[in-house]
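Participant: Input my_file-v5.txt, format and content: compact mmCIF, C-alpha atoms.
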# COMPACT_ATOMS: atom_id res chain seq x y z
CA MET G 1185 0.00 0.00 0.00
CA ASN G 1186 1.61 3.25 -1.17
CA LEU G 1187 1.37 5.88 1.55
CA ALA G 1188 3.63 8.50 -0.01
CA ASN G 1189 0.63 10.54 -1.17
CA GLN G 1190 -1.14 10.39 2.21
CA ALA G 1191 -2.33 13.84 3.17
CA GLY G 1192 -2.21 15.03 6.73
CA ASP G 1193 0.64 14.35 9.12
CA SER G 1194 3.70 15.96 7.55
CA THR G 1195 5.97 14.36 10.15
CA SER G 1196 4.94 10.82 9.18
CA ASN G 1197 7.88 8.60 8.41
CA LEU G 1198 5.88 5.89 6.66
CA LEU G 1199 5.82 5.60 2.85
CA PHE G 1200 4.76 2.00 2.25
CA VAL G 1201 3.41 -0.99 4.15
CA ASN G 1202 2.30 -4.41 2.93
CA PHE G 1203 2.11 -8.09 3.84
CA ASN G 1204 3.93 -10.74 1.83
CA GLN G 1205 2.09 -13.40 -0.16
CA ASP G 1206 1.75 -15.98 2.64
CA ARG G 1207 1.17 -13.37 5.37
CA THR G 1208 4.26 -14.38 7.35
CA SER G 1209 6.04 -11.03 7.17
CA LEU G 1210 5.39 -7.30 6.94
CA ALA G 1211 7.35 -4.96 4.68
CA VAL G 1212 7.64 -1.32 5.71
CA GLY G 1213 9.11 1.45 3.59
CA THR G 1214 10.05 4.76 5.25
CA LYS G 1215 11.93 7.96 4.56
CA ASN G 1216 14.95 6.38 6.24
CA GLY G 1217 14.91 2.98 4.53
CA PHE G 1218 12.89 -0.21 4.73
CA LYS G 1219 12.36 -3.02 7.23
CA LEU G 1220 11.05 -6.57 7.08
CA TYR G 1221 9.26 -7.91 10.17
CA SER G 1222 8.38 -11.51 10.97
CA LEU G 1223 4.75 -12.13 11.97
CA GLY G 1224 5.41 -15.26 14.04
CA SER G 1225 4.29 -13.77 17.36
CA VAL G 1226 1.45 -11.58 18.57
CA ASP G 1227 3.44 -10.01 21.41
CA LYS G 1228 6.69 -9.30 19.58
CA LEU G 1229 7.68 -8.19 16.10
CA GLU G 1230 11.06 -9.51 15.05
CA CYS G 1231 12.92 -7.28 12.58
CA ILE G 1232 14.56 -9.74 10.18
CA HIS G 1233 16.13 -7.13 7.92
CA GLU G 1234 16.76 -3.40 7.91
CA SER G 1235 18.10 -1.22 5.09
CA ASP G 1236 19.12 2.43 5.27
CA SER G 1237 18.31 3.19 1.61
CA PRO G 1238 16.22 6.37 1.90
CA ASP G 1239 12.70 7.13 0.68
CA ILE G 1240 11.52 3.61 -0.14
CA TYR G 1241 7.90 3.75 -1.29
CA ILE G 1242 7.60 0.18 -2.65
CA VAL G 1243 9.16 -2.93 -1.10
CA ASP G 1244 7.75 -6.36 -1.89
CA ARG G 1245 9.16 -9.62 -0.56
CA LEU G 1246 8.69 -12.93 -2.36
CA PHE G 1247 7.09 -15.22 0.23
CA SER G 1248 9.76 -16.01 2.89
CA SER G 1249 12.67 -15.86 0.48
CA SER G 1250 15.55 -13.39 0.30
CA LEU G 1251 14.21 -11.70 -2.83
CA VAL G 1252 12.84 -8.17 -2.48
CA ALA G 1253 11.76 -5.67 -5.12
CA VAL G 1254 12.39 -2.04 -4.15
CA VAL G 1255 11.51 1.38 -5.61
CA SER G 1256 12.55 4.72 -4.14
CA LEU G 1257 11.19 8.25 -4.44
CA ALA G 1258 14.58 9.39 -5.70
CA SER G 1259 14.20 7.09 -8.74
CA PRO G 1260 10.47 6.33 -9.08
CA ARG G 1261 10.97 4.83 -12.55
CA LYS G 1262 13.66 2.38 -11.49
CA LEU G 1263 13.02 -1.07 -10.05
CA GLN G 1264 15.74 -2.77 -8.01
CA VAL G 1265 15.62 -6.51 -7.35
CA CYS G 1266 17.85 -7.46 -4.41
CA HIS G 1267 19.01 -10.41 -2.31
CA PHE G 1268 18.64 -8.83 1.12
CA ARG G 1269 20.47 -11.53 3.08
CA LYS G 1270 23.57 -11.10 0.95
CA GLY G 1271 23.09 -7.34 0.64
CA SER G 1272 23.49 -7.54 -3.13
CA GLU G 1273 21.56 -6.25 -6.12
CA ILE G 1274 20.49 -8.83 -8.69
CA CYS G 1275 19.30 -6.46 -11.40
CA ASN G 1276 17.55 -3.17 -12.01
CA TYR G 1277 15.21 -1.87 -14.70
CA SER G 1278 14.18 1.61 -15.76
CA TYR G 1279 10.77 2.42 -17.16
CA SER G 1280 9.25 5.33 -19.06
CA ASN G 1281 6.92 6.34 -16.23
CA THR G 1282 6.47 6.15 -12.47
CA ILE G 1283 6.22 2.65 -11.00
CA LEU G 1284 2.92 2.44 -9.11
CA ALA G 1285 2.95 -1.19 -7.97
CA VAL G 1286 5.09 -4.33 -8.07
CA LYS G 1287 3.61 -7.82 -7.65
CA LEU G 1288 5.50 -11.09 -7.20
CA ASN G 1289 4.87 -14.81 -7.24
CA ARG G 1290 7.18 -17.77 -7.83
CA LEU G 1291 6.79 -17.54 -11.60
CA ARG G 1292 6.33 -13.89 -12.48
CA LEU G 1293 7.17 -10.34 -11.45
CA VAL G 1294 4.72 -7.68 -12.63
CA VAL G 1295 5.43 -3.95 -12.77
CA CYS G 1296 2.40 -1.66 -13.00
CA LEU G 1297 2.65 1.79 -14.58
CA GLU G 1298 -0.26 4.13 -15.07
CA GLU G 1299 -1.07 2.87 -18.59
CA SER G 1300 0.93 -0.34 -18.99
CA LEU G 1301 1.95 -3.58 -17.26
CA TYR G 1302 5.28 -5.40 -17.65
CA ILE G 1303 5.44 -9.14 -17.00
CA HIS G 1304 8.89 -10.53 -16.12
CA ASN G 1305 10.03 -14.13 -15.81
CA ILE G 1306 11.19 -14.20 -12.22
CA ARG G 1307 13.79 -16.91 -12.94
CA ASP G 1308 15.92 -14.69 -15.18
CA MET G 1309 14.09 -11.33 -14.92
CA LYS G 1310 13.52 -11.10 -18.68
CA VAL G 1311 10.47 -9.21 -19.91
CA LEU G 1312 8.08 -11.79 -21.36
CA HIS G 1313 5.13 -9.59 -22.23
CA THR G 1314 3.93 -6.00 -22.08
CA ILE G 1315 0.27 -5.02 -21.78
CA ARG G 1316 0.20 -1.53 -23.29
CA ASP G 1317 -2.43 1.20 -23.50
CA THR G 1318 -4.40 0.03 -20.49
CA PRO G 1319 -7.08 2.42 -19.19
CA PRO G 1320 -5.55 5.12 -16.94
CA ASN G 1321 -4.80 3.48 -13.59
CA PRO G 1322 -3.24 6.21 -11.43
CA GLU G 1323 -3.58 4.20 -8.22
CA GLY G 1324 -1.77 1.19 -9.64
CA ILE G 1325 -4.66 -1.19 -8.91
CA CYS G 1326 -3.73 -4.76 -9.86
CA ALA G 1327 -3.47 -8.24 -8.34
CA LEU G 1328 -1.23 -11.20 -9.13
CA SER G 1329 -2.28 -14.62 -7.89
CA THR G 1330 0.19 -16.58 -5.78
CA HIS G 1331 -0.76 -20.01 -7.11
CA ASN G 1332 1.64 -21.67 -9.58
CA ASP G 1333 -1.05 -23.51 -11.54
CA ASN G 1334 -3.37 -20.51 -11.82
CA CYS G 1335 -0.98 -17.66 -12.50
CA TYR G 1336 -3.50 -14.89 -13.13
CA LEU G 1337 -3.06 -11.13 -13.32
CA ALA G 1338 -6.06 -8.86 -12.71
CA TYR G 1339 -6.28 -5.17 -13.54
CA PRO G 1340 -8.98 -2.56 -14.35
CA GLY G 1341 -10.45 -2.85 -17.82
CA SER G 1342 -11.97 0.61 -17.70
CA ASN G 1343 -11.62 3.85 -15.79
CA GLN G 1344 -15.33 4.58 -16.21
CA THR G 1345 -16.88 1.32 -15.00
CA GLY G 1346 -15.78 -1.54 -12.74
CA GLU G 1347 -14.53 -3.96 -15.39
CA VAL G 1348 -11.90 -6.49 -14.29
CA GLN G 1349 -9.54 -7.91 -16.88
CA ILE G 1350 -8.11 -11.36 -16.06
CA PHE G 1351 -4.86 -12.24 -17.86
CA ASP G 1352 -2.99 -15.55 -17.77
CA ALA G 1353 0.50 -14.38 -16.81
CA PHE G 1354 2.04 -17.83 -17.41
CA ASN G 1355 0.62 -18.57 -20.87
CA LEU G 1356 0.51 -14.84 -21.69
CA LYS G 1357 -3.05 -14.64 -22.95
CA ALA G 1358 -6.28 -12.91 -21.96
CA VAL G 1359 -8.75 -15.05 -20.02
CA LEU G 1360 -11.92 -13.03 -19.47
CA MET G 1361 -13.45 -9.69 -18.58
CA ILE G 1362 -15.76 -9.44 -15.55
CA PRO G 1363 -18.26 -6.54 -15.42
CA ALA G 1364 -18.00 -6.37 -11.65
CA HIS G 1365 -19.37 -2.91 -10.81
CA ASP G 1366 -21.02 0.14 -12.34
CA ASN G 1367 -18.38 2.44 -10.82
CA PRO G 1368 -14.58 2.25 -11.35
CA LEU G 1369 -12.62 -0.28 -9.34
CA ALA G 1370 -11.04 0.61 -6.00
CA ALA G 1371 -9.59 -2.76 -4.94
CA ILE G 1372 -9.20 -6.33 -6.20
CA ALA G 1373 -7.72 -9.48 -4.64
CA PHE G 1374 -7.32 -13.18 -5.50
CA ASN G 1375 -7.70 -16.01 -3.03
CA SER G 1376 -4.74 -18.34 -2.46
CA THR G 1377 -5.75 -20.80 -5.19
CA ALA G 1378 -6.77 -18.08 -7.69
CA THR G 1379 -10.21 -19.65 -8.07
CA ARG G 1380 -11.95 -16.56 -6.66
CA ILE G 1381 -11.47 -12.83 -7.00
CA ALA G 1382 -12.93 -10.14 -4.74
CA THR G 1383 -13.75 -6.68 -6.06
CA ALA G 1384 -14.85 -3.31 -4.71
CA SER G 1385 -15.69 -0.09 -6.54
CA GLU G 1386 -15.06 3.55 -5.79
CA LYS G 1387 -18.55 3.77 -4.30
CA GLY G 1388 -17.40 1.34 -1.63
CA THR G 1389 -20.74 -0.01 -0.43
CA VAL G 1390 -20.76 -3.45 -2.09
CA ILE G 1391 -18.09 -6.18 -2.14
CA ARG G 1392 -18.42 -8.93 -4.75
CA VAL G 1393 -16.69 -12.28 -5.18
CA PHE G 1394 -16.48 -14.02 -8.57
CA SER G 1395 -15.27 -17.44 -9.66
CA VAL G 1396 -12.14 -17.66 -11.82
CA PRO G 1397 -11.89 -18.37 -14.69
CA GLU G 1398 -15.68 -18.67 -15.15
CA GLY G 1399 -16.49 -15.15 -13.99
CA GLN G 1400 -19.66 -16.22 -12.15
CA ARG G 1401 -20.78 -14.07 -9.23
CA LEU G 1402 -20.58 -16.19 -6.08
CA PHE G 1403 -21.10 -13.71 -3.23
CA GLU G 1404 -22.22 -10.15 -2.72
CA PHE G 1405 -21.76 -8.35 0.57
CA ARG G 1406 -22.95 -4.93 1.66
CA ARG G 1407 -20.26 -3.02 3.54
CA GLY G 1408 -22.61 -0.13 4.30
CA VAL G 1409 -25.41 2.02 2.95
CA LYS G 1410 -25.13 5.33 4.76
CA ARG G 1411 -21.96 6.72 3.26
CA ARG G 1412 -19.65 6.49 0.30
CA VAL G 1413 -16.23 5.25 1.39
CA ILE G 1414 -12.80 4.62 -0.12
CA ILE G 1415 -11.89 0.93 -0.04
CA HIS G 1416 -8.17 0.52 0.64
CA SER G 1417 -7.69 -3.25 0.65
CA LEU G 1418 -9.30 -6.65 0.29
CA ALA G 1419 -7.78 -9.95 1.45
CA PHE G 1420 -8.91 -13.59 1.69
CA SER G 1421 -7.94 -15.90 4.50
CA ALA G 1422 -5.63 -18.77 3.50
CA ASP G 1423 -8.52 -21.25 3.32
CA SER G 1424 -10.84 -18.75 1.53
CA THR G 1425 -13.37 -18.98 4.35
CA PHE G 1426 -13.15 -15.27 5.20
CA LEU G 1427 -12.69 -12.03 3.30
CA CYS G 1428 -11.60 -8.82 5.04
CA CYS G 1429 -12.08 -5.28 3.79
CA SER G 1430 -10.53 -2.04 5.05
CA SER G 1431 -11.40 1.52 4.08
CA ASN G 1432 -11.00 5.14 5.13
CA THR G 1433 -13.51 4.57 7.94
CA GLU G 1434 -12.66 3.34 11.42
CA THR G 1435 -14.17 -0.12 10.79
CA VAL G 1436 -12.58 -3.16 9.16
CA HIS G 1437 -15.18 -5.70 8.04
CA VAL G 1438 -14.81 -9.47 7.82
CA PHE G 1439 -17.22 -11.47 5.66
CA ARG G 1440 -17.79 -15.22 5.85
CA LEU G 1441 -17.86 -16.96 2.49
CA GLU G 1442 -20.46 -19.68 2.84
CA THR G 1443 -23.22 -20.76 0.49
CA PRO G 1444 -26.77 -21.45 1.71
CA SER G 1445 -26.01 -25.18 1.59
CA ASP G 1446 -23.08 -24.62 3.96
CA LYS G 1447 -25.22 -22.91 6.57
CA PRO G 1448 -26.96 -25.07 9.18
CA SER G 1449 -30.73 -24.95 8.94
CA GLU G 1450 -32.19 -23.04 11.85
CA GLU G 1451 -35.74 -22.18 12.71
CA PRO G 1452 -36.28 -18.41 12.89
CA GLN G 1453 -36.45 -17.10 16.44
CA GLY G 1454 -38.73 -14.13 17.04
CA TRP G 1455 -40.87 -12.04 14.76
CA MET G 1456 -37.93 -10.07 13.34
CA GLU G 1457 -36.32 -13.22 11.97
CA TYR G 1458 -39.64 -14.38 10.55
CA PHE G 1459 -40.06 -10.97 8.93
CA GLY G 1460 -36.56 -11.07 7.42
CA GLN G 1461 -37.11 -14.59 6.08
CA ALA G 1462 -40.38 -13.52 4.53
CA LEU G 1463 -38.71 -10.58 2.81
CA LYS G 1464 -36.02 -12.81 1.30
CA THR G 1465 -38.64 -15.31 0.15
CA SER G 1466 -40.57 -12.58 -1.65
CA ALA G 1467 -37.45 -10.93 -3.06
CA THR G 1468 -38.03 -12.45 -6.51
CA TYR G 1469 -41.24 -10.41 -6.83
CA LEU G 1470 -39.61 -7.11 -5.90
CA PRO G 1471 -37.70 -4.63 -8.11
CA THR G 1472 -34.17 -5.77 -8.94
CA GLN G 1473 -32.43 -3.15 -6.82
CA VAL G 1474 -34.52 -4.04 -3.78
CA SER G 1475 -34.15 -7.80 -4.19
CA ASP G 1476 -30.39 -7.46 -4.70
CA MET G 1477 -30.07 -5.54 -1.45
CA LEU G 1478 -32.13 -8.12 0.45
CA ASN G 1479 -29.95 -10.95 -0.85
CA GLN G 1480 -26.66 -9.25 0.01
CA GLY G 1481 -24.73 -10.69 2.93
CA ARG G 1482 -23.64 -8.69 5.94
CA ASP G 1483 -20.37 -8.72 7.80
CA PHE G 1484 -19.53 -11.67 10.04
CA ALA G 1485 -17.10 -9.73 12.22
CA VAL G 1486 -15.83 -6.18 12.58
CA ALA G 1487 -12.73 -4.55 14.04
CA ARG G 1488 -12.57 -0.92 15.06
CA LEU G 1489 -9.50 1.21 14.49
CA PRO G 1490 -8.72 4.11 16.83
CA LEU G 1491 -9.03 6.61 13.98
CA SER G 1492 -10.38 7.05 10.48
CA GLY G 1493 -9.28 8.80 7.31
CA LEU G 1494 -5.85 7.21 6.84
CA LYS G 1495 -4.75 4.57 4.36
CA ASN G 1496 -4.37 1.03 5.61
CA VAL G 1497 -3.98 -2.56 4.48
CA CYS G 1498 -5.53 -5.64 6.11
CA THR G 1499 -5.08 -9.40 6.04
CA ILE G 1500 -6.17 -12.54 7.90
CA THR G 1501 -3.62 -15.05 9.16
CA THR G 1502 -2.98 -17.54 11.93
CA ILE G 1503 -0.38 -16.59 14.54
CA GLN G 1504 0.50 -19.08 17.27
CA LYS G 1505 -2.64 -21.09 16.45
CA THR G 1506 -4.83 -17.99 16.83
CA LEU G 1507 -6.82 -16.66 13.89
CA CYS G 1508 -5.98 -12.98 13.65
CA LEU G 1509 -7.04 -9.94 11.67
CA LEU G 1510 -4.04 -7.68 10.99
CA VAL G 1511 -4.30 -4.03 9.95
CA ALA G 1512 -1.24 -1.92 9.11
CA CYS G 1513 -2.12 1.77 9.07
CA ALA G 1514 -0.59 5.04 7.93
CA ASP G 1515 -0.47 6.15 11.56
CA GLY G 1516 2.60 3.92 11.87
CA PHE G 1517 0.99 1.05 13.80
CA LEU G 1518 0.27 -2.60 13.12
CA TYR G 1519 -2.95 -3.62 14.88
CA ILE G 1520 -3.54 -7.30 15.68
CA TYR G 1521 -7.12 -8.39 16.45
CA ASN G 1522 -8.53 -11.71 17.52
CA LEU G 1523 -11.02 -13.14 15.00
CA ASN G 1524 -13.48 -15.64 16.44
CA ALA G 1525 -14.08 -18.08 13.58
CA ASN G 1526 -17.24 -19.47 15.19
CA GLU G 1527 -19.01 -16.47 16.68
CA GLY G 1528 -17.67 -13.49 14.74
CA GLY G 1529 -18.89 -10.18 16.17
CA ASP G 1530 -16.54 -7.52 17.49
CA CYS G 1531 -12.85 -8.36 17.15
CA SER G 1532 -10.82 -7.63 20.27
CA LEU G 1533 -7.48 -5.86 19.98
CA LEU G 1534 -4.70 -8.19 21.10
CA LYS G 1535 -1.68 -5.99 20.46
CA GLN G 1536 -0.45 -3.00 18.57
CA HIS G 1537 3.12 -2.44 17.41
CA ARG G 1538 4.79 0.66 16.09
CA VAL G 1539 6.46 -0.03 12.73
CA ASP G 1540 7.30 3.42 11.35
CA GLY G 1541 10.69 3.70 13.03
CA ARG G 1542 9.75 6.38 15.55
CA GLN G 1543 10.88 4.17 18.41
CA ASP G 1544 14.28 2.54 18.86
CA SER G 1545 12.72 -0.68 20.10
CA VAL G 1546 10.64 -2.82 17.79
CA VAL G 1547 8.54 -4.20 20.63
CA LEU G 1548 6.17 -1.93 22.46
CA SER G 1549 6.07 -1.69 26.22
CA GLU G 1550 4.03 -4.35 27.94
CA ALA G 1551 1.94 -1.56 29.44
CA PRO G 1552 -1.43 -1.10 27.70
CA VAL G 1553 -1.38 1.37 24.84
CA ASP G 1554 -3.81 4.26 25.05
CA LEU G 1555 -5.77 4.00 21.80
CA ALA G 1556 -7.63 7.21 22.58
CA ALA G 1557 -4.33 9.09 22.74
CA VAL G 1558 -3.36 7.67 19.36
CA ALA G 1559 -6.67 8.75 17.90
CA ILE G 1560 -6.38 12.28 19.29
CA ALA G 1561 -2.79 12.63 18.07
CA SER G 1562 -3.80 11.60 14.56
CA ALA G 1563 -7.21 13.27 14.40
CA SER G 1564 -5.91 16.38 12.71
CA SER G 1565 -4.26 14.37 9.97
CA ALA G 1566 -7.37 12.23 9.53
CA THR G 1567 -9.65 15.23 9.02
CA ALA G 1568 -7.25 17.40 7.05
CA SER G 1569 -7.47 15.26 3.92
CA ALA G 1570 -9.37 17.08 1.20
CA GLY G 1571 -9.95 13.94 -0.85
CA PRO G 1572 -8.03 11.12 -2.48
CA VAL G 1573 -5.10 12.05 -4.72
CA SER G 1574 -3.50 9.41 -6.91
CA TYR G 1575 0.08 8.48 -6.22
CA ALA G 1576 1.06 9.16 -9.82
CA ALA G 1577 -0.44 12.66 -9.61
CA SER G 1578 1.31 13.37 -6.33
CA LEU G 1579 4.69 12.50 -7.80
CA ARG G 1580 4.04 14.57 -10.88
CA ALA G 1581 3.13 17.53 -8.68
CA GLY G 1582 6.20 17.13 -6.52
CA ARG G 1583 9.92 17.42 -7.22
CA GLN G 1584 11.37 14.57 -9.23
CA PRO G 1585 14.93 13.91 -10.37
CA ASP G 1586 15.82 14.61 -13.97
CA PHE G 1587 16.03 11.44 -16.01
CA PRO G 1588 18.47 11.02 -18.88
CA ALA G 1589 17.01 10.65 -22.33
CA HIS G 1590 17.92 6.98 -22.55
CA ALA G 1591 15.75 6.11 -19.54
CA ALA G 1592 12.61 6.57 -21.61
CA SER G 1593 13.75 4.05 -24.18
CA HIS G 1594 13.31 1.10 -21.83
CA ALA G 1595 10.78 -0.61 -24.08
CA ARG G 1596 13.46 -1.16 -26.73
CA ASP G 1597 16.24 -2.00 -24.33
CA HIS G 1598 14.49 -4.28 -21.82
CA GLN G 1599 15.78 -7.38 -23.54
CA SER G 1600 19.39 -6.34 -22.98
CA ALA G 1601 19.07 -6.54 -19.19
CA PRO G 1602 19.49 -10.25 -18.43
CA THR G 1603 22.29 -12.01 -20.31
CA ALA G 1604 22.25 -15.55 -21.62
CA ALA G 1605 24.82 -16.47 -18.99
CA LEU G 1606 22.47 -15.64 -16.12
CA GLU G 1607 22.02 -18.77 -14.03
CA THR G 1608 18.50 -20.01 -13.37
CA LEU G 1609 17.35 -18.80 -9.97
CA ARG G 1610 16.58 -21.46 -7.36
CA LEU G 1611 13.00 -20.70 -6.41
CA ASP G 1612 12.71 -23.67 -4.07
CA ASP G 1613 15.32 -22.34 -1.66
CA ASP G 1614 13.70 -19.73 0.55
CA ASP G 1615 16.81 -19.29 2.68
CA GLU G 1616 19.19 -18.57 -0.18
CA PHE G 1617 16.95 -17.29 -2.94
CA PRO G 1618 18.24 -16.11 -5.34
CA PRO G 1619 21.84 -17.43 -5.30
CA VAL G 1620 23.33 -15.16 -7.98
CA THR G 1621 23.75 -11.45 -8.53
CA HIS G 1622 23.32 -9.62 -11.77
CA LYS G 1623 23.13 -5.91 -12.48
CA SER G 1624 21.49 -4.20 -15.41
CA ASP G 1625 21.51 -0.42 -15.67
CA GLN G 1626 19.42 1.16 -18.37
Let me see the structure of the file written as structure tokens.

Facilitator:
Amino acid sequence: MNLANQAGDSTSNLLFVNFNQDRTSLAVGTKNGFKLYSLGSVDKLECIHESDSPDIYIVDRLFSSSLVAVVSLASPRKLQVCHFRKGSEICNYSYSNTILAVKLNRLRLVVCLEESLYIHNIRDMKVLHTIRDTPPNPEGICALSTHNDNCYLAYPGSNQTGEVQIFDAFNLKAVLMIPAHDNPLAAIAFNSTATRIATASEKGTVIRVFSVPEGQRLFEFRRGVKRRVIIHSLAFSADSTFLCCSSNTETVHVFRLETPSDKPSEEPQGWMEYFGQALKTSATYLPTQVSDMLNQGRDFAVARLPLSGLKNVCTITTIQKTLCLLVACADGFLYIYNLNANEGGDCSLLKQHRVDGRQDSVVLSEAPVDLAAVAIASASSATASAGPVSYAASLRAGRQPDFPAHAASHARDHQSAPTAALETLRLDDDDEFPPVTHKSDQ
């Protein structure tokens, strides 16, 4: 999640925060460098790597390996691929425009620009395919599945409506287009097997889940009806039982993905339940908009952040045999909530950790943290935002380094980056991946 364009707190040190593909580590980019934290404990965050490279606004780790992809504000058109355990650079690429997102799996590395997508073979970093002239995508919205057999790339098919384009990044061919929403997309996410994709639009009230590659609508959830919100992230649990959704509000919603056949049959209790059942039964005779609303699911659980208005990213994972909802926020904190898989309801806050580098110690004091104080301290930044500004626009408005003329010719020169002598990278070795170093300046 790019935070470099976050309005409000000018003293914020945080530029980027995101979870890796298997939700075992957290990557944090700051004005002073980047850090990788292990998520093996609720009470303590172990810093497994720290770099002092300044102004890192994208850092993505490949699962639990040593491979990281890094982009800095000083060179927003240059991607660096590094082996962080050896402290060495494998290669770098320059592009014609600002890099908005980088996605990794064990087969492909995808670089998202505002109007194009570059698909690299992660074994030798060669460019295999370029999707050009995509609809303007200033937020860099895209998703790359983590499954080897279903290596799908999803991106907006329109900047006017909520079309989702699904592309087979392994066989390099288009798969299908899903007309997911009437409004432009705000967030998309695959489940772990890439058999489902979740979508949300800029309106932010409805979350939909579709089957892949069929494109059939499986679930529809209503996040809210009272206000238009900005959806920041969507994430499935590892077993695809739950889907979490975070936004610019103070609530993070968790939806349970179960079909009517999965639900135990229960007799309605009380007149309200009878009334609700009667409404659903008669939904087929009502106008489409009304029946759709009646058939939409509601959240199974909800977590409450101490403040609203700041960007954040959420995920669901199991830590020490406890199912947890994790939310990393632009206020510089990682919030860990308990998620009751049976009862749902309100998620209790188990721990919060500061990850923006403002404290020398990674682990917070064992004393309880005053969430109200955090909310008050950040309230001014939460209310000062005048509206969303795309990351690409914020960089264009700010001061950027001058690029030499040859940097814009990357499309012709991409093939010259990896040489034939580059050894195949060992993707099955998480401790020593990748074992070679190779540099390519363009």

Participant: If we count only C-alpha atoms and set the cut-off at 9 Å, which residues sit around Arg1380 in chain G, ignoring sequence neighbours fewer than 4 positions away in its own chain? Please answer as a PyMOL selection string.

Facilitator: chain G and resi 1373-1376+1393-1397+1399+1402+1424

Participant: My list of candidates is G:Arg1488, G:Arg1261, G:Asp1515, G:Thr1502. Which is closest to Asp1530 in chain G when distances are computed with all atoms listed in the file?

Facilitator: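 Answer, going by the shortest atom-to-atom distance: G:Arg1488.
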
Participant: If we count only C-alpha atoms and set the cut-off at 7 Å, which residues sit around Arg1392 in chain G, ignoring sequence neighbours fewer than 2 positions away in its own chain? Please answer as JSON, numbers by chain.

Facilitator: {"G": [1382, 1383, 1384, 1390, 1394, 1403, 1404, 1405]}

Participant: By how many Å are CA of Ile1325 in chain G and CA of Gly1388 in chain G apart?

Facilitator: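 Atom-to-atom, CA of Ile1325 in chain G and CA of Gly1388 in chain G are spaced 14.9 Å apart.
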
Participant: Give me, please, the distance in Å between CA of Gly1481 in chain G and CA of Ile1362 in chain G, quoted to one decimal.

Facilitator: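 For CA of Gly1481 in chain G relative to CA of Ile1362 in chain G, the distance reads 20.6 Å.
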
Participant: Working from the structure I just supplied, which lacks atoms in range 1369-1381 of chain G, can you model N, CA and C atoms there and output them as a PDB file, in the coordinates of the input?

Facilitator:
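Saved result, selection23.pdb, follows:
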ATOM      1  N   LEU G1369     -13.148   0.582 -10.386  1.00  0.00           N
ATOM      2  CA  LEU G1369     -12.620  -0.280  -9.340  1.00  0.00           C
ATOM      3  C   LEU G1369     -11.806   0.511  -8.325  1.00  0.00           C
ATOM      4  N   ALA G1370     -11.863   0.048  -7.071  1.00  0.00           N
ATOM      5  CA  ALA G1370     -11.040   0.610  -6.000  1.00  0.00           C
ATOM      6  C   ALA G1370     -10.074  -0.411  -5.438  1.00  0.00           C
ATOM      7  N   ALA G1371     -10.449  -1.709  -5.491  1.00  0.00           N
ATOM      8  CA  ALA G1371      -9.590  -2.760  -4.940  1.00  0.00           C
ATOM      9  C   ALA G1371      -9.977  -4.098  -5.543  1.00  0.00           C
ATOM     10  N   ILE G1372      -8.977  -4.975  -5.731  1.00  0.00           N
ATOM     11  CA  ILE G1372      -9.200  -6.330  -6.200  1.00  0.00           C
ATOM     12  C   ILE G1372      -8.214  -7.252  -5.484  1.00  0.00           C
ATOM     13  N   ALA G1373      -8.591  -8.528  -5.321  1.00  0.00           N
ATOM     14  CA  ALA G1373      -7.720  -9.480  -4.640  1.00  0.00           C
ATOM     15  C   ALA G1373      -8.109 -10.901  -5.017  1.00  0.00           C
ATOM     16  N   PHE G1374      -7.108 -11.763  -5.264  1.00  0.00           N
ATOM     17  CA  PHE G1374      -7.320 -13.180  -5.500  1.00  0.00           C
ATOM     18  C   PHE G1374      -7.275 -13.942  -4.178  1.00  0.00           C
ATOM     19  N   ASN G1375      -7.928 -15.104  -4.144  1.00  0.00           N
ATOM     20  CA  ASN G1375      -7.700 -16.010  -3.030  1.00  0.00           C
ATOM     21  C   ASN G1375      -6.435 -16.819  -3.289  1.00  0.00           C
ATOM     22  N   SER G1376      -6.043 -17.678  -2.366  1.00  0.00           N
ATOM     23  CA  SER G1376      -4.740 -18.340  -2.460  1.00  0.00           C
ATOM     24  C   SER G1376      -4.638 -19.321  -3.619  1.00  0.00           C
ATOM     25  N   THR G1377      -5.769 -19.861  -4.077  1.00  0.00           N
ATOM     26  CA  THR G1377      -5.750 -20.800  -5.190  1.00  0.00           C
ATOM     27  C   THR G1377      -6.129 -20.146  -6.521  1.00  0.00           C
ATOM     28  N   ALA G1378      -6.391 -18.852  -6.497  1.00  0.00           N
ATOM     29  CA  ALA G1378      -6.770 -18.080  -7.690  1.00  0.00           C
ATOM     30  C   ALA G1378      -8.030 -18.645  -8.356  1.00  0.00           C
ATOM     31  N   THR G1379      -8.930 -19.182  -7.557  1.00  0.00           N
ATOM     32  CA  THR G1379     -10.210 -19.650  -8.070  1.00  0.00           C
ATOM     33  C   THR G1379     -11.328 -18.647  -7.771  1.00  0.00           C
ATOM     34  N   ARG G1380     -11.001 -17.620  -6.967  1.00  0.00           N
ATOM     35  CA  ARG G1380     -11.950 -16.560  -6.660  1.00  0.00           C
ATOM     36  C   ARG G1380     -11.245 -15.216  -6.681  1.00  0.00           C
ATOM     37  N   ILE G1381     -12.001 -14.190  -7.043  1.00  0.00           N
ATOM     38  CA  ILE G1381     -11.470 -12.830  -7.000  1.00  0.00           C
ATOM     39  C   ILE G1381     -12.510 -11.928  -6.353  1.00  0.00           C
TER      40      ILE G1381
END
